Amino acid sequence: MDKALETQLANIQKRTGKTIDELTALVKASGLVKHGQAVAMLKDKLGMGHGDANVVVHLANRSAPGIAGAANTSSTDADDAELDRLYTGPKAALRPIHEKVMAAIRAFGPFEIAPKKTYLSLRQKKQFAMVGPATNTRVEVGLNMKGVPGTSRLEALPPGGMCQYRVKLTSANDVDAELVGWIRQAYDQSA
């Protein structure tokens with residue numbers, strides 16, 4: 001188990017007063033099938049934060065990184081409920097773009113997903129990207145990285161904002177090697 005996960009688990013036990021085994025048993029006993037429902041249950045029942053509840057649900061399903069025999073996924077995948085919330089109505093058609101971006105990022109290794117009102121914030125030690133529907137026809141990927149000149153596609157943003165760059169995506173085909181390379185650079189710089 002990696003040190004960061006080990007520390008988070010120790011903190012979860014202190015905050016809840018329950019062992020990780022007790023928490024994962026609670027998830028399994030709940031009978032909830034959807035990841036997001038189990039996260040919501042822990043948040044409601046125990047007052048857990050989203051990130052902590054998310055890790056416990058992944059542990060219950062043995063999908064957290066750093067655990068022997070775990071699947072190779074991020075320990076804080078955005079659950080279906082968050083994506084359903086972001087991609088509703090006319091924005092629903094944009095969800096495949098979002099999912100393709102996230103699939104590429106998951107290959108990099110572990111990171112935290114912090115759902116916001118209109119996007120997902122992706123973090124390691126600091127935020128490296130934001131992904132979400134900007135309009136009914138476009139997903140935007142915001143990036144934080146240094147040493148990269150802006151281009152017509154990689155739009156440099158004014159200083160002081162949440163991100164230093166923005167890339168606009170209107171099709172899953174826009175999720176290409178160039179975009180994944182920029183996201184990887186931002187991910188690597190955020191460690």
# chains A, B, ... in the order shown; residues from 1 in each chain; ligands from 1

$ residues_around --residues "Leu169 in chain A" --least-positions-apart "5" --cutoff "10 Å" --atoms "only C-alpha atoms" --output "MDAnalysis selection string"
chainID A and resid 94 97:98 101 133:134 137:141 153 174:175 179

$ residues_around --residues "Gly150 in chain A" --least-positions-apart "4" --cutoff "12 Å" --atoms "only C-alpha atoms" --output "PyMOL selection string"
chain A and resi 143+145-146+154-158+164-167+182

$ atom_distance --atom1 "CA of Ala81 in chain A" --atom2 "CA of Met102 in chain A"
15.5 Å

$ atom_distance --atom1 "CA of Asp176 in chain A" --atom2 "CA of Arg95 in chain A"
16.4 Å

$ closest_residue --among "A:Tyr119, A:Phe111, A:Phe128, A:Tyr187" --to "Val55 in chain A" --atoms "only C-alpha atoms"
A:Phe111

$ residues_around --residues "range 12-29 of chain A" --least-positions-apart "5" --cutoff "12 Å" --atoms "only C-alpha atoms" --output "count of residues only"
31

$ residues_around --residues "Gln124 in chain A" --least-positions-apart "4" --cutoff "7 Å" --atoms "only C-alpha atoms" --output "list in words"
Phe111, Glu112, Ser190 and Ala191 of chain A

$ select_by_dssp --residues "range 58-161 of chain A" --states "helix (DSSP H, G or I)" --output "ChimeraX atom specification"
/A:58-60,80-86,89-106

$ closest_residue --among "A:Cys163, A:Leu86, A:Leu120, A:Ala129" --to "Gln185 in chain A" --atoms "only C-alpha atoms"
A:Ala129

$ closest_residue --among "A:Gln127, A:Thr118, A:Asn144, A:Gln8" --to "Thr88 in chain A" --atoms "only C-alpha atoms"
A:Thr118

$ closest_residue --among "A:Arg85, A:Lys91, A:Lys100, A:Arg184" --to "Thr135 in chain A" --atoms "only C-alpha atoms"
A:Lys91

$ atom_distance --atom1 "CA of Pro159 in chain A" --atom2 "CA of Val131 in chain A"
19.1 Å

$ decode --residues "range 131-163 of chain A" --atoms "N, CA and C atoms" --output "tab-separated table (two decimals), in the first residue's frame"
chain	number	residue	atom	x	y	z
A	131	VAL	N	-11.98	19.28	-16.03
A	131	VAL	CA	-12.70	18.74	-17.19
A	131	VAL	C	-14.19	18.92	-16.95
A	132	GLY	N	-14.87	19.49	-17.93
A	132	GLY	CA	-16.31	19.65	-17.79
A	132	GLY	C	-16.94	20.28	-19.01
A	133	PRO	N	-18.28	20.21	-19.08
A	133	PRO	CA	-18.99	20.81	-20.21
A	133	PRO	C	-19.03	22.33	-20.06
A	134	ALA	N	-18.46	23.04	-21.03
A	134	ALA	CA	-18.45	24.50	-20.98
A	134	ALA	C	-19.73	25.09	-21.57
A	135	THR	N	-20.25	24.42	-22.60
A	135	THR	CA	-21.49	24.83	-23.26
A	135	THR	C	-22.25	23.56	-23.61
A	136	ASN	N	-23.35	23.69	-24.31
A	136	ASN	CA	-24.10	22.52	-24.77
A	136	ASN	C	-23.40	21.79	-25.91
A	137	THR	N	-22.34	22.40	-26.46
A	137	THR	CA	-21.67	21.82	-27.62
A	137	THR	C	-20.18	21.58	-27.40
A	138	ARG	N	-19.68	21.84	-26.18
A	138	ARG	CA	-18.23	21.79	-25.99
A	138	ARG	C	-17.84	21.39	-24.57
A	139	VAL	N	-16.86	20.49	-24.49
A	139	VAL	CA	-16.18	20.16	-23.23
A	139	VAL	C	-14.88	20.94	-23.22
A	140	GLU	N	-14.52	21.45	-22.05
A	140	GLU	CA	-13.23	22.13	-21.94
A	140	GLU	C	-12.34	21.39	-20.96
A	141	VAL	N	-11.06	21.34	-21.31
A	141	VAL	CA	-10.03	20.81	-20.43
A	141	VAL	C	-9.14	21.99	-20.06
A	142	GLY	N	-9.13	22.32	-18.78
A	142	GLY	CA	-8.24	23.35	-18.27
A	142	GLY	C	-6.98	22.68	-17.75
A	143	LEU	N	-5.82	23.27	-18.03
A	143	LEU	CA	-4.55	22.65	-17.64
A	143	LEU	C	-3.67	23.63	-16.87
A	144	ASN	N	-2.95	23.10	-15.90
A	144	ASN	CA	-1.95	23.86	-15.16
A	144	ASN	C	-0.60	23.22	-15.40
A	145	MET	N	0.26	23.95	-16.13
A	145	MET	CA	1.60	23.45	-16.41
A	145	MET	C	2.49	24.62	-16.78
A	146	LYS	N	3.77	24.40	-16.70
A	146	LYS	CA	4.74	25.45	-17.00
A	146	LYS	C	5.60	25.05	-18.19
A	147	GLY	N	6.14	26.07	-18.85
A	147	GLY	CA	7.11	25.83	-19.90
A	147	GLY	C	6.53	25.39	-21.23
A	148	VAL	N	5.28	25.69	-21.48
A	148	VAL	CA	4.65	25.30	-22.73
A	148	VAL	C	4.10	26.55	-23.41
A	149	PRO	N	4.54	26.82	-24.62
A	149	PRO	CA	3.96	27.98	-25.32
A	149	PRO	C	2.53	27.69	-25.77
A	150	GLY	N	1.68	28.69	-25.67
A	150	GLY	CA	0.31	28.52	-26.13
A	150	GLY	C	0.27	28.39	-27.65
A	151	THR	N	-0.79	27.80	-28.15
A	151	THR	CA	-1.00	27.64	-29.59
A	151	THR	C	-2.46	28.01	-29.88
A	152	SER	N	-2.85	27.89	-31.13
A	152	SER	CA	-4.25	28.17	-31.45
A	152	SER	C	-5.17	27.15	-30.75
A	153	ARG	N	-4.68	25.95	-30.51
A	153	ARG	CA	-5.48	24.93	-29.83
A	153	ARG	C	-5.29	24.98	-28.32
A	154	LEU	N	-4.06	25.14	-27.86
A	154	LEU	CA	-3.74	25.23	-26.43
A	154	LEU	C	-3.76	26.71	-26.06
A	155	GLU	N	-4.94	27.19	-25.68
A	155	GLU	CA	-5.15	28.61	-25.43
A	155	GLU	C	-4.59	29.02	-24.07
A	156	ALA	N	-3.60	29.93	-24.08
A	156	ALA	CA	-3.06	30.46	-22.83
A	156	ALA	C	-4.10	31.40	-22.22
A	157	LEU	N	-4.32	31.24	-20.92
A	157	LEU	CA	-5.31	32.06	-20.22
A	157	LEU	C	-4.62	33.15	-19.40
A	158	PRO	N	-5.34	34.21	-19.07
A	158	PRO	CA	-4.73	35.28	-18.27
A	158	PRO	C	-4.30	34.77	-16.90
A	159	PRO	N	-3.23	35.34	-16.33
A	159	PRO	CA	-2.78	34.93	-15.00
A	159	PRO	C	-3.87	35.16	-13.95
A	160	GLY	N	-3.82	34.34	-12.90
A	160	GLY	CA	-4.73	34.50	-11.78
A	160	GLY	C	-5.99	33.66	-11.85
A	161	GLY	N	-6.18	32.92	-12.93
A	161	GLY	CA	-7.36	32.08	-13.06
A	161	GLY	C	-7.13	30.71	-12.46
A	162	MET	N	-8.11	29.85	-12.60
A	162	MET	CA	-8.02	28.49	-12.07
A	162	MET	C	-7.06	27.62	-12.87
A	163	CYS	N	-6.88	27.96	-14.16
A	163	CYS	CA	-5.98	27.19	-15.02
A	163	CYS	C	-5.15	28.15	-15.87
